[in-house]
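K.L.:
Handing you a structure now.
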Amino acid sequence: MTDFKRLLETLSGVEFILVGGVAATAHGSVRLTVDLDIVYRRTKENVRKVALALAGVNPYLRGAPPGLPFRWDEETIWRGLNFTLTTELGAIDLLGEITGGGGFDDLLPHCVRLEPFGIPCLCLSLKKLIQVKRAAGRPKDFDAVAELEAILEQTAEAP
């Protein structure tokens, strides 16, 4: 079980945008999610902050066999882009970019400030979240889009 609040608190000081299920929940979705999906800013300083923030919760590649050599540090993050991790606080998808949206700087103009679990965060706007979920093209994302569109209609935000 992912402790979303503590995971978000762990990321305090890191520049990131909430995407995925927690972003949907922040907008009013009632769907369950099991991981925290974030797009992090890929600058030297922020990558350093990401590495330090998550080091304390023992990140490991989700789905990798136990004992597989894995070093969590700035160099690892720079050499990769997107990481699906398990931690002592639960699952996190650390994304350098997402389908249909790009990276942090591409997504920034499409963000709103919300407070999931009482923690101020940048979150994709409802319209952009719908767009990237459509672009992902997975059946679970298409199911979520229908609910998000209903929320968008109810909030009278223009499509």
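By convention in this document, the chains of the structure tokens carry letters A, B, ... by their order, each chain's residues are numbered from 1, and ligands are numbered from 1 in the order they are shown.
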Residues within 12 Å of region 138-142 of chain A, please, as a PDB file with N, CA and C atoms, in the first residue's frame. Count only C-alpha atoms; anything in the same chain fewer than 5 positions from it doesn't count.

P.N.:
```pdb
ATOM      1  N   GLY A  20      -1.245  11.282 -13.609  1.00  0.00           N
ATOM      2  CA  GLY A  20      -1.758   9.953 -13.294  1.00  0.00           C
ATOM      3  C   GLY A  20      -2.883   9.952 -12.283  1.00  0.00           C
ATOM      4  N   GLY A  21      -3.006   8.827 -11.573  1.00  0.00           N
ATOM      5  CA  GLY A  21      -4.130   8.591 -10.680  1.00  0.00           C
ATOM      6  C   GLY A  21      -4.266   9.566  -9.532  1.00  0.00           C
ATOM      7  N   ALA A  24      -5.647  12.698 -10.859  1.00  0.00           N
ATOM      8  CA  ALA A  24      -7.081  12.524 -11.094  1.00  0.00           C
ATOM      9  C   ALA A  24      -7.852  12.628  -9.780  1.00  0.00           C
ATOM     10  N   ARG A  31     -11.553   6.921  -8.517  1.00  0.00           N
ATOM     11  CA  ARG A  31     -10.823   5.702  -8.886  1.00  0.00           C
ATOM     12  C   ARG A  31      -9.641   5.489  -7.950  1.00  0.00           C
ATOM     13  N   LEU A  32      -9.369   4.238  -7.675  1.00  0.00           N
ATOM     14  CA  LEU A  32      -8.218   3.900  -6.844  1.00  0.00           C
ATOM     15  C   LEU A  32      -6.959   3.870  -7.687  1.00  0.00           C
ATOM     16  N   THR A  33      -5.855   4.222  -7.080  1.00  0.00           N
ATOM     17  CA  THR A  33      -4.559   4.120  -7.731  1.00  0.00           C
ATOM     18  C   THR A  33      -3.577   3.525  -6.733  1.00  0.00           C
ATOM     19  N   THR A  99       3.948  10.532 -22.479  1.00  0.00           N
ATOM     20  CA  THR A  99       3.309  10.519 -23.792  1.00  0.00           C
ATOM     21  C   THR A  99       2.192  11.555 -23.839  1.00  0.00           C
ATOM     22  N   LEU A 129      -4.789  16.576 -18.253  1.00  0.00           N
ATOM     23  CA  LEU A 129      -4.786  15.202 -17.746  1.00  0.00           C
ATOM     24  C   LEU A 129      -5.606  14.299 -18.667  1.00  0.00           C
ATOM     25  N   ILE A 130      -6.745  14.772 -19.103  1.00  0.00           N
ATOM     26  CA  ILE A 130      -7.573  14.016 -20.056  1.00  0.00           C
ATOM     27  C   ILE A 130      -6.792  13.779 -21.345  1.00  0.00           C
ATOM     28  N   GLN A 131      -6.125  14.814 -21.820  1.00  0.00           N
ATOM     29  CA  GLN A 131      -5.357  14.711 -23.074  1.00  0.00           C
ATOM     30  C   GLN A 131      -4.246  13.667 -22.962  1.00  0.00           C
ATOM     31  N   VAL A 132      -3.479  13.689 -21.879  1.00  0.00           N
ATOM     32  CA  VAL A 132      -2.356  12.743 -21.771  1.00  0.00           C
ATOM     33  C   VAL A 132      -2.848  11.319 -21.505  1.00  0.00           C
ATOM     34  N   LYS A 133      -3.966  11.186 -20.808  1.00  0.00           N
ATOM     35  CA  LYS A 133      -4.515   9.840 -20.598  1.00  0.00           C
ATOM     36  C   LYS A 133      -5.004   9.264 -21.930  1.00  0.00           C
ATOM     37  N   GLU A 147     -14.657   9.322 -16.718  1.00  0.00           N
ATOM     38  CA  GLU A 147     -14.945   9.948 -15.424  1.00  0.00           C
ATOM     39  C   GLU A 147     -14.403  11.375 -15.375  1.00  0.00           C
ATOM     40  N   LEU A 148     -13.180  11.584 -15.861  1.00  0.00           N
ATOM     41  CA  LEU A 148     -12.569  12.917 -15.830  1.00  0.00           C
ATOM     42  C   LEU A 148     -13.357  13.906 -16.687  1.00  0.00           C
ATOM     43  N   GLU A 149     -13.876  13.444 -17.823  1.00  0.00           N
ATOM     44  CA  GLU A 149     -14.701  14.323 -18.659  1.00  0.00           C
ATOM     45  C   GLU A 149     -15.986  14.708 -17.939  1.00  0.00           C
TER      46      GLU A 149
END
```

K.L.:
Write out as a PyMOL selection string each polymer residue whose atoms come within 10 Å of region 122-126 of chain A, counting only C-alpha atoms; drop sequence neighbours fewer than 5 positions from it.

P.N.:
chain A and resi 15-20+22-24+26-28+38-39+101+107-116+131-132+148-149+151-152+155+157+159

K.L.:
DSSP on the backbone, then: every residue of region 15-117 of chain A marked helix (DSSP H, G or I), written as JSON, numbers by chain.

P.N.:
{"A": [20, 21, 22, 23, 24, 25, 26, 44, 45, 46, 47, 48, 49, 50, 51, 52, 53, 54, 55, 74, 75, 76, 77, 78, 79, 104, 105, 106, 107, 108, 109, 110, 116, 117]}

K.L.:
Taking N, CA and C atoms for each residue, export the selection above as a CSV table (one decimal), in the first residue's frame.

P.N.:
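The result, written out as part.csv:
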```csv
chain,number,residue,atom,x,y,z
A,20,GLY,N,-1.2,11.3,-13.6
A,20,GLY,CA,-1.8,10.0,-13.3
A,20,GLY,C,-2.9,10.0,-12.3
A,21,GLY,N,-3.0,8.8,-11.6
A,21,GLY,CA,-4.1,8.6,-10.7
A,21,GLY,C,-4.3,9.6,-9.5
A,22,VAL,N,-3.1,10.0,-8.9
A,22,VAL,CA,-3.2,10.9,-7.8
A,22,VAL,C,-3.7,12.3,-8.3
A,23,ALA,N,-3.2,12.6,-9.5
A,23,ALA,CA,-3.7,13.9,-10.1
A,23,ALA,C,-5.2,13.8,-10.4
A,24,ALA,N,-5.6,12.7,-10.9
A,24,ALA,CA,-7.1,12.5,-11.1
A,24,ALA,C,-7.9,12.6,-9.8
A,25,THR,N,-7.3,12.0,-8.7
A,25,THR,CA,-8.0,12.1,-7.4
A,25,THR,C,-8.0,13.5,-6.9
A,26,ALA,N,-7.0,14.2,-7.1
A,26,ALA,CA,-6.9,15.6,-6.7
A,26,ALA,C,-8.0,16.5,-7.4
A,44,LYS,N,20.2,19.8,-13.3
A,44,LYS,CA,21.2,19.2,-12.4
A,44,LYS,C,20.8,19.3,-10.9
A,45,GLU,N,20.4,20.5,-10.5
A,45,GLU,CA,20.0,20.7,-9.2
A,45,GLU,C,18.8,19.9,-8.7
A,46,ASN,N,17.8,19.8,-9.6
A,46,ASN,CA,16.6,19.1,-9.2
A,46,ASN,C,16.8,17.6,-9.2
A,47,VAL,N,17.6,17.1,-10.2
A,47,VAL,CA,18.0,15.6,-10.2
A,47,VAL,C,18.7,15.3,-8.9
A,48,ARG,N,19.6,16.2,-8.4
A,48,ARG,CA,20.3,16.0,-7.2
A,48,ARG,C,19.3,15.9,-6.0
A,49,LYS,N,18.3,16.8,-6.0
A,49,LYS,CA,17.2,16.8,-5.0
A,49,LYS,C,16.4,15.5,-5.1
A,50,VAL,N,16.1,15.0,-6.3
A,50,VAL,CA,15.3,13.8,-6.4
A,50,VAL,C,16.1,12.6,-5.8
A,51,ALA,N,17.4,12.5,-6.2
A,51,ALA,CA,18.2,11.4,-5.7
A,51,ALA,C,18.3,11.4,-4.2
A,52,LEU,N,18.5,12.6,-3.6
A,52,LEU,CA,18.6,12.7,-2.2
A,52,LEU,C,17.3,12.4,-1.5
A,53,ALA,N,16.2,12.9,-2.0
A,53,ALA,CA,14.9,12.8,-1.4
A,53,ALA,C,14.5,11.3,-1.3
A,54,LEU,N,14.7,10.6,-2.4
A,54,LEU,CA,14.2,9.2,-2.4
A,54,LEU,C,15.2,8.2,-1.8
A,55,ALA,N,16.5,8.6,-1.7
A,55,ALA,CA,17.5,7.7,-1.1
A,55,ALA,C,17.1,7.2,0.2
A,74,GLU,N,22.4,10.4,-8.6
A,74,GLU,CA,22.2,11.3,-9.7
A,74,GLU,C,22.6,10.8,-11.0
A,75,GLU,N,23.7,10.0,-11.1
A,75,GLU,CA,24.2,9.5,-12.3
A,75,GLU,C,23.1,8.5,-12.9
A,76,THR,N,22.6,7.7,-12.1
A,76,THR,CA,21.5,6.7,-12.5
A,76,THR,C,20.4,7.5,-13.1
A,77,ILE,N,19.9,8.5,-12.5
A,77,ILE,CA,18.8,9.3,-13.0
A,77,ILE,C,19.1,10.0,-14.3
A,78,TRP,N,20.4,10.5,-14.4
A,78,TRP,CA,20.8,11.2,-15.7
A,78,TRP,C,20.8,10.2,-16.8
A,79,ARG,N,21.3,9.0,-16.5
A,79,ARG,CA,21.4,8.0,-17.6
A,79,ARG,C,20.1,7.4,-18.0
A,104,PHE,N,8.7,18.3,-18.0
A,104,PHE,CA,8.3,19.2,-17.0
A,104,PHE,C,8.0,20.6,-17.6
A,105,ASP,N,9.0,21.2,-18.3
A,105,ASP,CA,8.8,22.5,-18.9
A,105,ASP,C,7.6,22.6,-19.9
A,106,ASP,N,7.4,21.5,-20.6
A,106,ASP,CA,6.3,21.4,-21.6
A,106,ASP,C,4.9,21.4,-20.8
A,107,LEU,N,4.9,20.7,-19.7
A,107,LEU,CA,3.7,20.6,-18.9
A,107,LEU,C,3.4,21.8,-18.0
A,108,LEU,N,4.4,22.5,-17.6
A,108,LEU,CA,4.2,23.6,-16.6
A,108,LEU,C,3.1,24.6,-17.0
A,109,PRO,N,3.0,25.0,-18.2
A,109,PRO,CA,1.9,25.9,-18.5
A,109,PRO,C,0.5,25.3,-18.4
A,110,HIS,N,0.4,24.0,-18.2
A,110,HIS,CA,-0.9,23.3,-18.1
A,110,HIS,C,-1.1,22.8,-16.7
A,116,PRO,N,-3.4,17.8,-2.7
A,116,PRO,CA,-3.8,16.4,-2.3
A,116,PRO,C,-3.1,16.0,-1.0
A,117,PHE,N,-3.9,15.4,-0.2
A,117,PHE,CA,-3.4,15.0,1.2
A,117,PHE,C,-2.9,16.2,2.0
```

K.L.:
Mind checking DSSP for chain A and telling me the strand (DSSP E) residues as a PyMOL selection string?

P.N.:
chain A and resi 16-19+35-40+60-61+83-87+90-95+97-98+102-103+111-114+121-124

K.L.:
I'd like to know which of A:Asp37, A:Asp73, A:Glu97, A:Asp143 is closest to Leu8 (chain A), using only C-alpha atoms.

P.N.:
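Closest residue, counting only C-alpha atoms: A:Asp37.
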
K.L.:
When you count only C-alpha atoms, which of these residues is closest to Ser12 (chain A): A:Ile119, A:Gly90, A:Lys127, A:Glu153?

P.N.:
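Among the listed residues, the smallest separation from Ser12 (chain A) belongs to A:Ile119.
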
K.L.:
Using only C-alpha atoms, pick whichever of A:Thr43, A:Gln154, A:Asn58, A:Ser29 has the shortest atom-to-atom distance to Leu89 (chain A).

P.N.:
A:Asn58

K.L.:
Could you work out how far CA of Gly80 (chain A) lies from CA of Gly137 (chain A), giving the answer in Å with one decimal?

P.N.:
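Spanning CA of Gly137 (chain A) to CA of Gly80 (chain A) is a straight-line distance of 23.1 Å.
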